[in-house]
>>> print(open('query22.cif').read())   # mmCIF, C-alpha atoms
data_start
#
loop_
_atom_site.label_atom_id
_atom_site.label_comp_id
_atom_site.auth_asym_id
_atom_site.auth_seq_id
_atom_site.Cartn_x
_atom_site.Cartn_y
_atom_site.Cartn_z
CA MET A 1 -27.78 -40.38 -89.28
CA ARG A 2 -26.08 -43.05 -91.30
CA GLY A 3 -27.04 -45.51 -94.02
CA TYR A 4 -27.36 -48.24 -91.40
CA THR A 5 -29.34 -46.23 -88.86
CA GLN A 6 -32.72 -47.80 -89.58
CA ASP A 7 -31.26 -51.30 -89.08
CA LYS A 8 -29.24 -50.29 -86.04
CA GLU A 9 -30.97 -52.64 -83.62
CA ASP A 10 -30.38 -55.56 -85.96
CA TYR A 11 -26.66 -54.75 -86.29
CA LEU A 12 -26.29 -54.34 -82.54
CA LYS A 13 -27.92 -57.71 -81.96
CA ARG A 14 -25.59 -59.38 -84.45
CA LEU A 15 -22.53 -57.74 -82.92
CA ARG A 16 -23.55 -58.83 -79.43
CA ARG A 17 -23.86 -62.39 -80.73
CA ILE A 18 -20.39 -62.17 -82.30
CA GLU A 19 -18.98 -60.72 -79.07
CA GLY A 20 -20.46 -63.75 -77.28
CA GLN A 21 -18.84 -66.07 -79.81
CA VAL A 22 -15.44 -64.48 -79.24
CA ARG A 23 -15.90 -64.79 -75.48
CA GLY A 24 -16.85 -68.43 -76.08
CA LEU A 25 -13.61 -68.89 -78.02
CA ALA A 26 -11.58 -67.72 -75.04
CA ARG A 27 -13.48 -70.18 -72.85
CA MET A 28 -12.72 -73.01 -75.29
CA ILE A 29 -9.01 -72.19 -75.19
CA GLU A 30 -9.15 -71.88 -71.40
CA ASN A 31 -10.65 -75.40 -71.24
CA ASP A 32 -8.09 -76.86 -73.67
CA GLU A 33 -10.76 -77.80 -76.17
CA TYR A 34 -9.83 -79.52 -79.39
CA CYS A 35 -8.05 -77.19 -81.88
CA ILE A 36 -10.31 -78.11 -84.80
CA ASP A 37 -13.41 -77.26 -82.77
CA VAL A 38 -11.89 -73.89 -81.88
CA LEU A 39 -11.16 -73.27 -85.58
CA THR A 40 -14.77 -74.09 -86.49
CA GLN A 41 -15.99 -71.52 -83.97
CA ILE A 42 -13.57 -68.89 -85.28
CA SER A 43 -14.97 -69.45 -88.79
CA ALA A 44 -18.47 -68.79 -87.44
CA ALA A 45 -17.39 -65.50 -85.82
CA THR A 46 -15.50 -64.45 -88.96
CA LYS A 47 -18.50 -65.18 -91.17
CA GLY A 48 -20.66 -63.13 -88.79
CA LEU A 49 -18.32 -60.14 -89.04
CA GLN A 50 -18.15 -60.52 -92.82
CA ALA A 51 -21.94 -60.47 -93.07
CA VAL A 52 -22.05 -57.29 -90.96
CA SER A 53 -19.44 -55.71 -93.27
CA LEU A 54 -21.35 -56.62 -96.42
CA GLY A 55 -24.58 -55.26 -94.92
CA LEU A 56 -22.98 -51.97 -93.87
CA LEU A 57 -21.31 -51.59 -97.25
CA ASP A 58 -24.59 -52.17 -99.06
CA GLU A 59 -26.32 -49.50 -96.94
CA HIS A 60 -23.36 -47.21 -97.46
CA LEU A 61 -23.63 -47.51 -101.26
CA LYS A 62 -27.41 -47.12 -101.16
CA HIS A 63 -27.35 -44.03 -98.94
CA CYS A 64 -24.07 -42.11 -98.46
CA VAL A 65 -22.52 -42.89 -101.87
CA ALA A 66 -25.84 -42.51 -103.69
CA GLU A 67 -26.42 -39.08 -102.13
CA ALA A 68 -22.92 -37.89 -102.93
CA LEU A 69 -23.28 -39.10 -106.53
CA THR A 70 -26.66 -37.42 -106.93
CA GLU A 71 -25.15 -34.14 -105.76
CA GLY A 72 -22.10 -34.73 -107.96
CA GLY A 73 -18.86 -32.80 -107.73
CA GLN A 74 -15.63 -33.65 -105.96
CA ASP A 75 -17.28 -35.25 -102.96
CA ALA A 76 -18.83 -37.89 -105.24
CA ASP A 77 -15.40 -38.99 -106.54
CA GLU A 78 -14.06 -39.01 -103.01
CA LYS A 79 -16.93 -41.17 -101.74
CA VAL A 80 -16.49 -43.72 -104.54
CA ARG A 81 -12.75 -43.92 -103.96
CA GLU A 82 -13.32 -44.41 -100.26
CA ALA A 83 -15.87 -47.17 -100.91
CA SER A 84 -13.51 -48.90 -103.36
CA ASP A 85 -10.73 -48.81 -100.78
CA ALA A 86 -13.04 -50.32 -98.15
CA ILE A 87 -14.06 -53.07 -100.61
CA ALA A 88 -10.40 -53.84 -101.34
CA ARG A 89 -9.66 -54.12 -97.59
CA LEU A 90 -12.64 -56.45 -97.17
CA VAL A 91 -11.65 -58.65 -100.12
CA ARG A 92 -8.06 -58.88 -98.94
CA SER A 93 -8.88 -59.60 -95.28
CA MET B 1 -3.26 -80.80 -73.39
CA ARG B 2 -3.44 -79.36 -76.85
CA GLY B 3 -1.00 -78.09 -79.44
CA TYR B 4 -1.72 -74.53 -78.34
CA THR B 5 -1.49 -75.14 -74.59
CA GLN B 6 1.95 -73.62 -74.11
CA ASP B 7 0.83 -70.39 -75.83
CA LYS B 8 -2.53 -70.33 -74.09
CA GLU B 9 -1.96 -67.03 -72.29
CA ASP B 10 -0.98 -65.36 -75.55
CA TYR B 11 -4.11 -66.66 -77.32
CA LEU B 12 -6.33 -65.58 -74.44
CA LYS B 13 -4.84 -62.10 -74.53
CA ARG B 14 -5.43 -61.83 -78.27
CA LEU B 15 -9.02 -63.06 -77.95
CA ARG B 16 -9.74 -60.54 -75.19
CA ARG B 17 -8.42 -57.78 -77.45
CA ILE B 18 -10.66 -59.00 -80.30
CA GLU B 19 -13.63 -59.19 -77.92
CA GLY B 20 -12.93 -55.57 -77.00
CA GLN B 21 -12.78 -54.63 -80.69
CA VAL B 22 -16.18 -56.24 -81.31
CA ARG B 23 -17.62 -54.40 -78.29
CA GLY B 24 -16.10 -51.22 -79.72
CA LEU B 25 -17.88 -51.93 -83.02
CA ALA B 26 -21.25 -52.05 -81.25
CA ARG B 27 -20.42 -48.72 -79.61
CA MET B 28 -19.54 -47.19 -82.99
CA ILE B 29 -22.89 -48.31 -84.43
CA GLU B 30 -24.69 -47.08 -81.30
CA ASN B 31 -23.08 -43.63 -81.82
CA ASP B 32 -23.91 -43.56 -85.55
CA GLU B 33 -20.27 -43.40 -86.52
CA TYR B 34 -19.28 -43.21 -90.16
CA CYS B 35 -19.84 -46.51 -92.04
CA ILE B 36 -16.36 -46.59 -93.54
CA ASP B 37 -14.78 -46.20 -90.09
CA VAL B 38 -16.90 -49.10 -88.82
CA LEU B 39 -15.75 -51.21 -91.79
CA THR B 40 -12.11 -50.42 -91.03
CA GLN B 41 -12.60 -51.63 -87.46
CA ILE B 42 -14.32 -54.81 -88.64
CA SER B 43 -11.30 -55.54 -90.87
CA ALA B 44 -9.04 -55.22 -87.83
CA ALA B 45 -11.13 -57.70 -85.81
CA THR B 46 -11.32 -60.11 -88.75
CA LYS B 47 -7.56 -59.99 -89.27
CA GLY B 48 -7.12 -60.67 -85.55
CA LEU B 49 -9.33 -63.76 -85.73
CA GLN B 50 -7.55 -64.92 -88.87
CA ALA B 51 -4.18 -64.65 -87.16
CA VAL B 52 -5.47 -66.70 -84.21
CA SER B 53 -6.75 -69.35 -86.67
CA LEU B 54 -3.45 -69.56 -88.51
CA GLY B 55 -1.57 -69.84 -85.23
CA LEU B 56 -3.81 -72.60 -83.89
CA LEU B 57 -3.63 -74.47 -87.18
CA ASP B 58 0.16 -74.29 -87.19
CA GLU B 59 0.30 -75.69 -83.63
CA HIS B 60 -2.25 -78.32 -84.59
CA LEU B 61 -0.10 -79.52 -87.51
CA LYS B 62 3.06 -79.42 -85.39
CA HIS B 63 1.55 -81.36 -82.49
CA CYS B 64 -1.72 -83.27 -82.99
CA VAL B 65 -1.27 -84.11 -86.68
CA ALA B 66 2.44 -84.82 -86.26
CA GLU B 67 1.76 -87.25 -83.41
CA ALA B 68 -0.99 -89.04 -85.30
CA LEU B 69 1.28 -89.35 -88.35
CA THR B 70 4.17 -90.67 -86.28
CA GLU B 71 1.89 -93.34 -84.83
CA GLY B 72 0.46 -94.02 -88.29
CA GLY B 73 -2.67 -96.03 -88.97
CA GLN B 74 -6.20 -94.90 -89.59
CA ASP B 75 -6.12 -92.07 -87.10
CA ALA B 76 -3.35 -90.41 -89.13
CA ASP B 77 -5.50 -90.30 -92.29
CA GLU B 78 -8.43 -89.01 -90.26
CA LYS B 79 -6.33 -86.22 -88.70
CA VAL B 80 -5.02 -85.08 -92.07
CA ARG B 81 -8.50 -85.06 -93.60
CA GLU B 82 -9.81 -83.09 -90.64
CA ALA B 83 -6.98 -80.56 -90.96
CA SER B 84 -7.60 -80.22 -94.71
CA ASP B 85 -11.29 -79.58 -94.08
CA ALA B 86 -10.44 -76.91 -91.50
CA ILE B 87 -8.04 -75.26 -93.96
CA ALA B 88 -10.73 -75.27 -96.66
CA ARG B 89 -13.19 -73.61 -94.26
CA LEU B 90 -10.60 -70.98 -93.37
CA VAL B 91 -9.73 -70.25 -97.00
CA ARG B 92 -13.37 -69.97 -97.99
CA SER B 93 -14.44 -67.79 -95.05
CA MET C 1 7.12 -88.06 -107.72
CA ARG C 2 4.90 -85.70 -105.78
CA GLY C 3 1.83 -86.00 -103.58
CA TYR C 4 -0.34 -84.95 -106.53
CA THR C 5 1.26 -87.23 -109.11
CA GLN C 6 -1.49 -89.85 -109.17
CA ASP C 7 -4.14 -87.16 -109.83
CA LYS C 8 -1.97 -85.31 -112.33
CA GLU C 9 -4.33 -85.74 -115.28
CA ASP C 10 -7.22 -84.40 -113.24
CA TYR C 11 -5.23 -81.31 -112.17
CA LEU C 12 -4.08 -80.68 -115.73
CA LYS C 13 -7.65 -80.86 -116.98
CA ARG C 14 -8.80 -78.39 -114.32
CA LEU C 15 -5.96 -75.99 -115.10
CA ARG C 16 -6.74 -76.12 -118.82
CA ARG C 17 -10.34 -75.24 -118.04
CA ILE C 18 -9.19 -72.30 -115.87
CA GLU C 19 -6.82 -71.18 -118.62
CA GLY C 20 -9.81 -71.21 -120.99
CA GLN C 21 -11.83 -69.16 -118.49
CA VAL C 22 -9.07 -66.54 -118.27
CA ARG C 23 -8.87 -66.40 -122.08
CA GLY C 24 -12.66 -65.99 -122.08
CA LEU C 25 -12.28 -63.07 -119.67
CA ALA C 26 -9.97 -61.28 -122.10
CA ARG C 27 -12.54 -61.85 -124.86
CA MET C 28 -15.30 -60.40 -122.66
CA ILE C 29 -13.23 -57.28 -122.02
CA GLU C 30 -12.34 -57.06 -125.73
CA ASN C 31 -16.08 -57.12 -126.56
CA ASP C 32 -16.94 -54.52 -123.91
CA GLU C 33 -19.18 -56.93 -122.03
CA TYR C 34 -20.99 -55.82 -118.91
CA CYS C 35 -18.65 -55.32 -115.91
CA ILE C 36 -20.77 -57.41 -113.56
CA ASP C 37 -20.73 -60.35 -115.99
CA VAL C 38 -16.93 -60.10 -116.19
CA LEU C 39 -16.75 -60.09 -112.37
CA THR C 40 -18.92 -63.22 -112.20
CA GLN C 41 -16.55 -64.98 -114.58
CA ILE C 42 -13.52 -63.90 -112.57
CA SER C 43 -15.11 -65.40 -109.43
CA ALA C 44 -15.49 -68.70 -111.30
CA ALA C 45 -11.81 -68.74 -112.30
CA THR C 46 -10.72 -67.76 -108.79
CA LYS C 47 -12.82 -70.50 -107.22
CA GLY C 48 -11.28 -72.97 -109.69
CA LEU C 49 -7.76 -71.96 -108.67
CA GLN C 50 -8.69 -72.10 -105.00
CA ALA C 51 -10.00 -75.66 -105.40
CA VAL C 52 -6.75 -76.69 -107.11
CA SER C 53 -4.79 -75.13 -104.22
CA LEU C 54 -6.81 -76.93 -101.58
CA GLY C 55 -6.44 -80.22 -103.44
CA LEU C 56 -2.67 -79.85 -103.80
CA LEU C 57 -2.32 -78.85 -100.16
CA ASP C 58 -4.31 -81.87 -99.01
CA GLU C 59 -2.09 -84.20 -101.07
CA HIS C 60 0.97 -82.37 -99.79
CA LEU C 61 -0.05 -82.96 -96.16
CA LYS C 62 -0.98 -86.58 -96.87
CA HIS C 63 2.27 -87.40 -98.64
CA CYS C 64 5.25 -85.02 -98.34
CA VAL C 65 4.50 -83.71 -94.84
CA ALA C 66 3.39 -87.12 -93.58
CA GLU C 67 6.63 -88.72 -94.80
CA ALA C 68 8.80 -86.03 -93.26
CA LEU C 69 6.93 -86.35 -89.97
CA THR C 70 7.25 -90.12 -89.96
CA GLU C 71 11.00 -89.78 -90.45
CA GLY C 72 11.12 -87.01 -87.85
CA GLY C 73 14.06 -84.71 -87.29
CA GLN C 74 14.69 -81.22 -88.55
CA ASP C 75 13.16 -81.80 -91.95
CA ALA C 76 9.82 -82.52 -90.29
CA ASP C 77 9.76 -79.11 -88.58
CA GLU C 78 10.81 -77.44 -91.79
CA LYS C 79 8.03 -79.14 -93.77
CA VAL C 80 5.37 -78.14 -91.26
CA ARG C 81 6.57 -74.54 -91.21
CA GLU C 82 6.55 -74.46 -95.00
CA ALA C 83 3.01 -75.88 -95.11
CA SER C 84 1.82 -73.35 -92.50
CA ASP C 85 3.31 -70.51 -94.55
CA ALA C 86 1.57 -71.78 -97.69
CA ILE C 87 -1.75 -72.00 -95.80
CA ALA C 88 -1.31 -68.42 -94.54
CA ARG C 89 -0.66 -67.20 -98.10
CA LEU C 90 -3.77 -69.02 -99.30
CA VAL C 91 -5.96 -67.66 -96.51
CA ARG C 92 -4.74 -64.10 -97.06
CA SER C 93 -5.05 -64.15 -100.86
CA MET D 1 -18.86 -48.55 -123.82
CA ARG D 2 -18.17 -49.67 -120.28
CA GLY D 3 -16.61 -48.19 -117.18
CA TYR D 4 -13.38 -50.05 -117.96
CA THR D 5 -13.21 -49.17 -121.65
CA GLN D 6 -10.53 -46.51 -121.36
CA ASP D 7 -8.23 -48.92 -119.49
CA LYS D 8 -9.07 -51.84 -121.77
CA GLU D 9 -5.53 -52.35 -123.05
CA ASP D 10 -4.20 -52.44 -119.50
CA TYR D 11 -6.78 -55.05 -118.44
CA LEU D 12 -6.08 -57.17 -121.52
CA LYS D 13 -2.36 -57.10 -120.77
CA ARG D 14 -2.96 -58.17 -117.17
CA LEU D 15 -5.29 -60.99 -118.24
CA ARG D 16 -2.76 -62.25 -120.78
CA ARG D 17 -0.14 -62.35 -118.04
CA ILE D 18 -2.52 -64.29 -115.77
CA GLU D 19 -3.33 -66.68 -118.64
CA GLY D 20 0.42 -67.26 -119.00
CA GLN D 21 0.69 -67.92 -115.26
CA VAL D 22 -2.08 -70.53 -115.42
CA ARG D 23 -0.38 -72.17 -118.41
CA GLY D 24 2.84 -72.13 -116.38
CA LEU D 25 1.01 -73.89 -113.55
CA ALA D 26 0.03 -76.73 -115.85
CA ARG D 27 3.66 -77.00 -116.94
CA MET D 28 4.79 -77.17 -113.31
CA ILE D 29 2.35 -80.00 -112.60
CA GLU D 30 3.39 -81.75 -115.81
CA ASN D 31 7.02 -81.61 -114.62
CA ASP D 32 6.16 -82.83 -111.10
CA GLU D 33 7.43 -79.66 -109.51
CA TYR D 34 7.33 -79.22 -105.75
CA CYS D 35 3.75 -78.75 -104.39
CA ILE D 36 4.65 -75.68 -102.35
CA ASP D 37 6.13 -73.96 -105.41
CA VAL D 38 2.95 -74.70 -107.35
CA LEU D 39 0.89 -73.22 -104.49
CA THR D 40 3.01 -70.06 -104.52
CA GLN D 41 2.35 -69.64 -108.24
CA ILE D 42 -1.38 -70.18 -107.76
CA SER D 43 -1.39 -67.41 -105.14
CA ALA D 44 0.22 -65.08 -107.68
CA ALA D 45 -2.43 -65.85 -110.31
CA THR D 46 -5.24 -65.48 -107.74
CA LYS D 47 -3.90 -62.13 -106.58
CA GLY D 48 -3.73 -61.01 -110.22
CA LEU D 49 -7.38 -61.94 -110.80
CA GLN D 50 -8.37 -60.25 -107.55
CA ALA D 51 -6.65 -57.02 -108.60
CA VAL D 52 -8.49 -57.12 -111.95
CA SER D 53 -11.79 -57.61 -110.08
CA LEU D 54 -11.15 -54.71 -107.74
CA GLY D 55 -10.19 -52.47 -110.66
CA LEU D 56 -13.29 -53.37 -112.67
CA LEU D 57 -15.52 -52.89 -109.65
CA ASP D 58 -14.04 -49.45 -108.96
CA GLU D 59 -14.67 -48.39 -112.58
CA HIS D 60 -18.15 -49.88 -112.39
CA LEU D 61 -19.01 -47.80 -109.31
CA LYS D 62 -17.45 -44.68 -110.83
CA HIS D 63 -19.27 -45.02 -114.14
CA CYS D 64 -22.24 -47.38 -114.46
CA VAL D 65 -23.50 -47.09 -110.88
CA ALA D 66 -22.80 -43.35 -110.72
CA GLU D 67 -24.79 -42.74 -113.92
CA ALA D 68 -27.71 -44.84 -112.76
CA LEU D 69 -27.74 -43.00 -109.42
CA THR D 70 -27.58 -39.59 -111.10
CA GLU D 71 -30.60 -40.54 -113.23
CA GLY D 72 -32.31 -42.05 -110.15
CA GLY D 73 -35.38 -44.26 -110.26
CA GLN D 74 -35.67 -48.00 -110.12
CA ASP D 75 -32.60 -48.66 -112.22
CA ALA D 76 -30.46 -46.96 -109.56
CA ASP D 77 -31.63 -49.36 -106.83
CA GLU D 78 -31.13 -52.29 -109.17
CA LYS D 79 -27.56 -51.21 -110.00
CA VAL D 80 -26.63 -50.82 -106.35
CA ARG D 81 -28.08 -54.21 -105.46
CA GLU D 82 -26.21 -55.79 -108.35
CA ALA D 83 -22.94 -54.18 -107.24
CA SER D 84 -23.49 -55.31 -103.64
CA ASP D 85 -24.07 -58.87 -104.83
CA ALA D 86 -20.87 -58.77 -106.88
CA ILE D 87 -18.94 -57.47 -103.87
CA ALA D 88 -20.35 -60.27 -101.69
CA ARG D 89 -19.27 -62.87 -104.28
CA LEU D 90 -15.79 -61.34 -104.38
CA VAL D 91 -15.44 -61.24 -100.60
CA ARG D 92 -16.62 -64.82 -100.24
CA SER D 93 -14.46 -66.25 -103.04
#
>>> encode(input="query22.cif", output="structure tokens")
Amino acid sequence: MRGYTQDKEDYLKRLRRIEGQVRGLARMIENDEYCIDVLTQISAATKGLQAVSLGLLDEHLKHCVAEALTEGGQDADEKVREASDAIARLVRS
Amino acid sequence: MRGYTQDKEDYLKRLRRIEGQVRGLARMIENDEYCIDVLTQISAATKGLQAVSLGLLDEHLKHCVAEALTEGGQDADEKVREASDAIARLVRS
Amino acid sequence: MRGYTQDKEDYLKRLRRIEGQVRGLARMIENDEYCIDVLTQISAATKGLQAVSLGLLDEHLKHCVAEALTEGGQDADEKVREASDAIARLVRS
Amino acid sequence: MRGYTQDKEDYLKRLRRIEGQVRGLARMIENDEYCIDVLTQISAATKGLQAVSLGLLDEHLKHCVAEALTEGGQDADEKVREASDAIARLVRS
């Protein structure tokens, strides 16, 4: 079980929609659609992925990190460092 | 024909890989994989989409915008404004 | 003369405001203010810098790149490549 | 006392450097320097601010959020929500 388990169906639905958007992007390129329209669609897919990331990270802090911190010890430090690294990757991507 | 037409096959290949990554993300969630690992995969897909955007934008400037500017007139201004708006959306997403 | 020259006073005013925000950030840290409040202020300064970037880039496309493209030749390619590189740096930062 | 208090001097030094970079940006605009060079300098200042944000957020998780979670209760939930909101602002800016 993970922090996101109770919202699993919601995440799966969002990812299927994003998968469809990426497939739609390929179709747009295939059909030589206008570059700017393709870019607009890419922004939509990117925003979708970003929202999934922020949701998962929030659940991760609320569950996995919170549990580790409540128990304390070395695992707590490890979990916070890991979360900080994931945040840095998100911010920089 | 579009600015990206000559690299179409390359873009299609990259988009299929990204589509596969997004499908892989759904599988990770389905299997309750560790949140941080899911986040790492999302970053990879996002970076992939970003690279496609930057490539398309570069081709767009080199071809569509360049042509409009060479011909001059109102369409040139319009094309530059449109490109600037697309850049702003990219930077902010 | 540069693409931004006619809006110079406006850019200078915005940069002075951002400089003041950064100085305010140091004061917040000096006074041990709450981390989240400091982060909110940093976001404001970052957004300010981003808006200046997008403005300068728009002027750059409208003036420097447009001129080079109108004249054509090797300088035109160079200017577009340079602009694309600057956009990539902006998007990735 | 805050999560960042023990690294205060380091943060102040970094913010003073960023303040100097922003002042340098105004000087570049004043002197009509080349747009692309100004953009490169803005990226440097933005990256500096981003690094300060990520550092503060890491300390915040390690200290303020960790303490609230160890004590538990409503304040813990509040602190995690607040941190998630700050992360979302960072990712979107």
>>> residues_around(input="query22.cif", residues="Cys35 (chain C)", least_positions_apart="3", cutoff="7 Å", atoms="all atoms listed in the file", output="list in words")
Val38 and Leu39 of chain C; Leu56 and His60 of chain D
>>> axis_aligned_box(input="query22.cif", around="region 34-47 of chain C", padding_each_side="8 Å", output="AutoDock Vina command-line options")
--center_x -15.9 --center_y -62.9 --center_z -113.1 --size_x 26.3 --size_y 31.2 --size_z 27.7
>>> atom_distance(input="query22.cif", atom1="CA of Gly72 (chain D)", atom2="CA of Ala76 (chain A)")
14.9 Å
>>> interface_residues(input="query22.cif", of="chain D", to="chain C", cutoff="7 Å", atoms="all atoms listed in the file", output="PyMOL selection string")
chain D and resi 1-2+5+8+12+15+19+22-23+26+29+32+34-36+39+42-43+46-47+49+53+56+60+86+90+93
>>> atom_distance(input="query22.cif", atom1="CA of Asp77 (chain A)", atom2="CA of Lys62 (chain D)")
7.4 Å
>>> atom_distance(input="query22.cif", atom1="CA of Ala68 (chain C)", atom2="CA of Glu71 (chain B)")
13.1 Å
>>> build_atoms(input="query22.cif", residues="region 17-28 of chain A", atoms="N, CA, C and O atoms", output="short mmCIF file (atom, residue, chain, number, x, y, z; two decimals), keeping the file's coordinate frame")
data_model
loop_
_atom_site.label_atom_id
_atom_site.label_comp_id
_atom_site.auth_asym_id
_atom_site.auth_seq_id
_atom_site.Cartn_x
_atom_site.Cartn_y
_atom_site.Cartn_z
N ARG A 17 -24.02 -60.94 -80.56
CA ARG A 17 -23.86 -62.39 -80.73
C ARG A 17 -22.40 -62.72 -81.06
O ARG A 17 -21.83 -63.66 -80.52
N ILE A 18 -21.79 -61.92 -81.94
CA ILE A 18 -20.39 -62.17 -82.30
C ILE A 18 -19.48 -61.98 -81.08
O ILE A 18 -18.56 -62.75 -80.85
N GLU A 19 -19.76 -60.95 -80.29
CA GLU A 19 -18.98 -60.72 -79.07
C GLU A 19 -19.07 -61.97 -78.18
O GLU A 19 -18.07 -62.43 -77.62
N GLY A 20 -20.28 -62.53 -78.06
CA GLY A 20 -20.46 -63.75 -77.28
C GLY A 20 -19.66 -64.92 -77.86
O GLY A 20 -19.07 -65.71 -77.12
N GLN A 21 -19.61 -64.98 -79.19
CA GLN A 21 -18.84 -66.07 -79.81
C GLN A 21 -17.36 -65.93 -79.50
O GLN A 21 -16.67 -66.91 -79.24
N VAL A 22 -16.86 -64.69 -79.52
CA VAL A 22 -15.44 -64.48 -79.24
C VAL A 22 -15.14 -64.81 -77.78
O VAL A 22 -14.13 -65.44 -77.46
N ARG A 23 -16.07 -64.44 -76.90
CA ARG A 23 -15.90 -64.79 -75.48
C ARG A 23 -15.91 -66.32 -75.33
O ARG A 23 -15.13 -66.89 -74.58
N GLY A 24 -16.79 -66.97 -76.09
CA GLY A 24 -16.85 -68.43 -76.08
C GLY A 24 -15.54 -69.05 -76.55
O GLY A 24 -15.11 -70.09 -76.04
N LEU A 25 -14.90 -68.40 -77.51
CA LEU A 25 -13.61 -68.89 -78.02
C LEU A 25 -12.56 -68.89 -76.90
O LEU A 25 -11.79 -69.84 -76.76
N ALA A 26 -12.53 -67.81 -76.15
CA ALA A 26 -11.58 -67.72 -75.04
C ALA A 26 -11.83 -68.85 -74.04
O ALA A 26 -10.90 -69.49 -73.55
N ARG A 27 -13.13 -69.10 -73.79
CA ARG A 27 -13.48 -70.18 -72.85
C ARG A 27 -13.01 -71.54 -73.39
O ARG A 27 -12.51 -72.37 -72.63
N MET A 28 -13.16 -71.74 -74.69
CA MET A 28 -12.72 -73.01 -75.29
C MET A 28 -11.21 -73.21 -75.11
O MET A 28 -10.75 -74.30 -74.80
#
